[in-house]
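Below is one structure, written out as C-alpha cells; comments come after it.
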Amino acid sequence: MLEIETGDEVTLVEMAQAAEIIEKIADPDAQVIWGHVINEELGENFTVKIIAVI
C-alpha cells in the first residue's frame, strides 16, 4: 500500500507521477494500491508512506 499525503497546492498529475516512480522500482509481481490524503499544512510538499506485506 502506498499513501501519498500532499498539500492543496500539489496537482493530481504530480501525485500520480510520484506513485508511478514507486511502482517502477517495486517488484514486478507487487500489487501496488495507492491512496491520496490532502493535508493543507504541507503546502507544495508531500509525504509518501509505503506499507509492505510479505
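How things are named: the first chain in the C-alpha cells is A, the next is B, and so on; residues count from 1 in each chain; ligands count from 1 in the order shown.
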
inquiry  = Which residues are close to A:Val32, i.e. within 10 Å by only C-alpha atoms, leaving aside same-chain residues fewer than 3 positions away? Reply as a ChimeraX atom specification.
reply    = /A:1-2,19-20,22-23,26-29,50-52

Create the file for the chosen residues now, containing C-alpha atoms and written as a PDB file, in the first residue's frame.
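Writing done, so here's again_36.pdb:
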ATOM      1  CA  MET A   1       0.000   0.000   0.000  1.00  0.00           C
ATOM      2  CA  LEU A   2       1.185   3.458  -0.840  1.00  0.00           C
ATOM      3  CA  ALA A  19       3.151   6.862  -7.423  1.00  0.00           C
ATOM      4  CA  GLU A  20       4.448   5.847 -10.854  1.00  0.00           C
ATOM      5  CA  ILE A  22       7.448   3.894  -6.764  1.00  0.00           C
ATOM      6  CA  GLU A  23       5.576   1.370  -8.909  1.00  0.00           C
ATOM      7  CA  ALA A  26       8.699  -2.172  -6.833  1.00  0.00           C
ATOM      8  CA  ASP A  27       8.879  -5.888  -7.555  1.00  0.00           C
ATOM      9  CA  PRO A  28       7.157  -6.631 -10.893  1.00  0.00           C
ATOM     10  CA  ASP A  29       4.804  -9.045  -9.109  1.00  0.00           C
ATOM     11  CA  ILE A  50       4.874   2.669   1.979  1.00  0.00           C
ATOM     12  CA  ILE A  51       3.387  -0.318   3.787  1.00  0.00           C
ATOM     13  CA  ALA A  52       4.677  -3.661   2.535  1.00  0.00           C
TER      14      ALA A  52
END

task = Could you find all residues in chain A that DSSP calls strand (DSSP E) from the backbone, and write them as a list of chain:residue names?
result = A:Leu2, A:Glu3, A:Ile4, A:Glu5, A:Thr6, A:Trp34, A:Gly35, A:His36, A:Val37, A:Ile38, A:Phe46, A:Thr47, A:Val48, A:Lys49, A:Ile50

task = Report the distance between atom CA of A:Phe46 and atom CA of A:Ala18 in Å, rounded to one decimal place.
result =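 Distance between the two atoms: 9.7 Å.
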
7 Å contact set for A:Glu3, only C-alpha atoms, chain neighbours under 4 positions out, as a PyMOL selection string = chain A and resi 34-36+48-50

request  = Fewer than 3 positions away in the same chain doesn't count, so skip those; otherwise give me all residues within 9 Å of A:Glu9, counting only C-alpha atoms, as a VMD selection string.
outcome  = chain A and resid 6 40 42 to 45

task = Could you jot down the atom CA of A:Glu41 to atom CA of A:Asp8 separation for me, Å, one decimal place?
result =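 If I compute the distance from atom CA of A:Glu41 to atom CA of A:Asp8, I get 8.4 Å.
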